[in-house]
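In what follows, a structure is listed as structure tokens, so that the remarks can point back to it.
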Amino acid sequence: MSSRDFVDLTSPCEHVAETTLRHVTRPAAGCEDCLKIGGRWVHLRYCLTCGHVGCCDSSPNRHATKHFHATRHPIVTSAEPGETWTYCYVDDAVLSA
């Protein structure tokens, strides 16, 4: 069961202005890139600039971080149920609990 969940930005950084999404659907259906190649993932991350769903750095392909390096979209949030934290790649900082 998925739901629209709030994105927690209680401790924003200067890169928050580059984001457009403030609500995401958790859980996400899967890593967009892994689904294309038949890969597997551990946890999922939403890009708050464009909505891309990628897998975490514990996953074999690390697509969320690869998306950041390719696009420079700075902030992601967890796509897992019950998790609302956000993270800024540029500042290497968690922006919420």
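Following the order of the structure tokens, first chain is A, next is B, and so on, with residues numbered from 1 inside each chain and ligands from 1 in the order they appear.
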So that I can check the surroundings of A:Trp85, please list as a VMD selection string every protein, DNA and RNA residue that reaches within 10 Å of it, counting only C-alpha atoms and ignoring chain neighbours fewer than 3 positions away. chain A and resid 6 to 10 76 to 80 82 94 to 97
Write a file of the selected residues as a PDB file, in the first residue's frame, keeping C-alpha atoms.
```
ATOM      1  CA  PHE A   6       5.611  14.548   3.516  1.00  0.00           C
ATOM      2  CA  VAL A   7       9.289  15.223   2.802  1.00  0.00           C
ATOM      3  CA  ASP A   8      11.027  16.336   5.999  1.00  0.00           C
ATOM      4  CA  LEU A   9      13.287  19.340   5.434  1.00  0.00           C
ATOM      5  CA  THR A  10      13.521  20.504   9.048  1.00  0.00           C
ATOM      6  CA  VAL A  76      17.253  12.823  -2.035  1.00  0.00           C
ATOM      7  CA  THR A  77      14.745  11.395   0.404  1.00  0.00           C
ATOM      8  CA  SER A  78      14.074   7.834   1.408  1.00  0.00           C
ATOM      9  CA  ALA A  79      11.462   6.018  -0.669  1.00  0.00           C
ATOM     10  CA  GLU A  80      10.943   3.509   2.141  1.00  0.00           C
ATOM     11  CA  GLY A  82       7.968   5.133   7.528  1.00  0.00           C
ATOM     12  CA  VAL A  94      21.305  14.677   6.588  1.00  0.00           C
ATOM     13  CA  LEU A  95      18.713  17.468   6.515  1.00  0.00           C
ATOM     14  CA  SER A  96      16.187  15.777   8.778  1.00  0.00           C
ATOM     15  CA  ALA A  97      15.861  12.893  11.213  1.00  0.00           C
TER      16      ALA A  97
END
```
Can you pull out the residues contacting A:Val90? Cut-off 9 Å, using only C-alpha atoms, and skip same-chain residues under 6 positions away; I want them as a PyMOL selection string. chain A and resi 15+72-75
For A:His52, which residue among A:Val16, A:Cys88, A:Ala29, A:Ile37 is the nearest when counting only C-alpha atoms? A:Ala29
Surrounding residues of A:Gly54 excluding itself and chain neighbours under 2 positions, 6 Å, only C-alpha atoms, as JSON, numbers by chain: {"A": [31, 44, 45, 63, 64]}
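Selecting strand (DSSP E or B) from the backbone DSSP output for chain A yields Ser3, Arg4, Asp5, Phe6, His23, Val24, Thr25, Arg26, Leu44, Arg45, Tyr46, Cys47, Val53, Gly54, Cys55, Ile75, Val76, Thr77, Ser78, Thr86, Tyr87, Cys88, Ala93 and Val94 of chain A.
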If you run DSSP on the backbone here, which positions in chain A get alpha helix (DSSP H)? Please write them as number ranges by chain. A: 32-37, 63-71
Write the selection just made, keeping N, CA and C atoms, as a PDB file, in the first residue's frame?
```
ATOM      1  N   GLU A  32      14.331   2.700 -10.823  1.00  0.00           N
ATOM      2  CA  GLU A  32      14.045   2.835 -12.249  1.00  0.00           C
ATOM      3  C   GLU A  32      15.126   2.182 -13.111  1.00  0.00           C
ATOM      4  N   ASP A  33      16.382   2.366 -12.725  1.00  0.00           N
ATOM      5  CA  ASP A  33      17.491   1.850 -13.528  1.00  0.00           C
ATOM      6  C   ASP A  33      17.647   0.338 -13.363  1.00  0.00           C
ATOM      7  N   CYS A  34      17.474  -0.166 -12.144  1.00  0.00           N
ATOM      8  CA  CYS A  34      17.556  -1.617 -11.920  1.00  0.00           C
ATOM      9  C   CYS A  34      16.439  -2.352 -12.653  1.00  0.00           C
ATOM     10  N   LEU A  35      15.242  -1.763 -12.680  1.00  0.00           N
ATOM     11  CA  LEU A  35      14.134  -2.393 -13.381  1.00  0.00           C
ATOM     12  C   LEU A  35      14.449  -2.546 -14.869  1.00  0.00           C
ATOM     13  N   LYS A  36      15.179  -1.595 -15.429  1.00  0.00           N
ATOM     14  CA  LYS A  36      15.541  -1.659 -16.856  1.00  0.00           C
ATOM     15  C   LYS A  36      16.558  -2.746 -17.156  1.00  0.00           C
ATOM     16  N   ILE A  37      17.450  -3.034 -16.203  1.00  0.00           N
ATOM     17  CA  ILE A  37      18.533  -3.990 -16.458  1.00  0.00           C
ATOM     18  C   ILE A  37      18.360  -5.314 -15.716  1.00  0.00           C
ATOM     19  N   HIS A  63      22.429   3.358  -7.929  1.00  0.00           N
ATOM     20  CA  HIS A  63      21.887   4.262  -8.942  1.00  0.00           C
ATOM     21  C   HIS A  63      21.523   5.652  -8.418  1.00  0.00           C
ATOM     22  N   ALA A  64      21.138   5.795  -7.164  1.00  0.00           N
ATOM     23  CA  ALA A  64      20.808   7.140  -6.652  1.00  0.00           C
ATOM     24  C   ALA A  64      22.040   8.043  -6.686  1.00  0.00           C
ATOM     25  N   THR A  65      23.167   7.532  -6.238  1.00  0.00           N
ATOM     26  CA  THR A  65      24.406   8.319  -6.269  1.00  0.00           C
ATOM     27  C   THR A  65      24.857   8.566  -7.706  1.00  0.00           C
ATOM     28  N   LYS A  66      24.715   7.573  -8.574  1.00  0.00           N
ATOM     29  CA  LYS A  66      25.062   7.761  -9.992  1.00  0.00           C
ATOM     30  C   LYS A  66      24.199   8.847 -10.616  1.00  0.00           C
ATOM     31  N   HIS A  67      22.917   8.894 -10.221  1.00  0.00           N
ATOM     32  CA  HIS A  67      22.023   9.937 -10.724  1.00  0.00           C
ATOM     33  C   HIS A  67      22.521  11.316 -10.270  1.00  0.00           C
ATOM     34  N   PHE A  68      22.932  11.428  -9.017  1.00  0.00           N
ATOM     35  CA  PHE A  68      23.477  12.701  -8.534  1.00  0.00           C
ATOM     36  C   PHE A  68      24.696  13.113  -9.354  1.00  0.00           C
ATOM     37  N   HIS A  69      25.632  12.199  -9.593  1.00  0.00           N
ATOM     38  CA  HIS A  69      26.847  12.545 -10.339  1.00  0.00           C
ATOM     39  C   HIS A  69      26.532  12.943 -11.779  1.00  0.00           C
ATOM     40  N   ALA A  70      25.520  12.322 -12.364  1.00  0.00           N
ATOM     41  CA  ALA A  70      25.155  12.631 -13.753  1.00  0.00           C
ATOM     42  C   ALA A  70      24.373  13.934 -13.882  1.00  0.00           C
ATOM     43  N   THR A  71      23.560  14.274 -12.877  1.00  0.00           N
ATOM     44  CA  THR A  71      22.658  15.420 -12.995  1.00  0.00           C
ATOM     45  C   THR A  71      22.990  16.580 -12.068  1.00  0.00           C
TER      46      THR A  71
END
```
Report, in Å to a single decimal, how far apart atom CA of A:Tyr46 and atom CA of A:Pro60 are. 17.3 Å
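Interatomic distance, atom CA of A:Ser59 against atom CA of A:Trp41: 4.9 Å.
A straight line drawn from atom CA of A:Asp91 to atom CA of A:Arg40 is 27.8 Å long.
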Using only C-alpha atoms, the shortest atom-to-atom distance to A:Cys13 among A:Gly30, A:Gly39, A:Asp92, A:Glu83 belongs to A:Asp92
Could you name the residues that touch stretch 20-24 of chain A at 8 Å or less, counting only C-alpha atoms, but leaving out those on the same chain fewer than 2 positions away, as JSON, numbers by chain? {"A": [3, 4, 5, 6, 7, 17, 18, 26, 46, 48, 49, 50, 51, 79]}
Kindly save the residues from that selection, with C-alpha atoms included, as an mmCIF file, in the first residue's frame.
```
data_model
loop_
_atom_site.group_PDB
_atom_site.id
_atom_site.type_symbol
_atom_site.label_atom_id
_atom_site.label_comp_id
_atom_site.auth_asym_id
_atom_site.auth_seq_id
_atom_site.Cartn_x
_atom_site.Cartn_y
_atom_site.Cartn_z
ATOM 1 C CA SER A 3 0.690 6.796 0.250
ATOM 2 C CA ARG A 4 1.728 10.373 -0.382
ATOM 3 C CA ASP A 5 4.135 11.275 2.382
ATOM 4 C CA PHE A 6 5.611 14.548 3.516
ATOM 5 C CA VAL A 7 9.289 15.223 2.802
ATOM 6 C CA ALA A 17 15.930 25.844 -3.480
ATOM 7 C CA GLU A 18 16.914 23.437 -6.288
ATOM 8 C CA ARG A 26 6.216 5.548 -0.257
ATOM 9 C CA TYR A 46 13.769 9.751 -4.476
ATOM 10 C CA LEU A 48 13.695 15.795 -4.930
ATOM 11 C CA THR A 49 14.560 17.737 -8.078
ATOM 12 C CA CYS A 50 13.102 15.435 -10.737
ATOM 13 C CA GLY A 51 11.499 12.476 -8.937
ATOM 14 C CA ALA A 79 11.462 6.018 -0.669
#
```
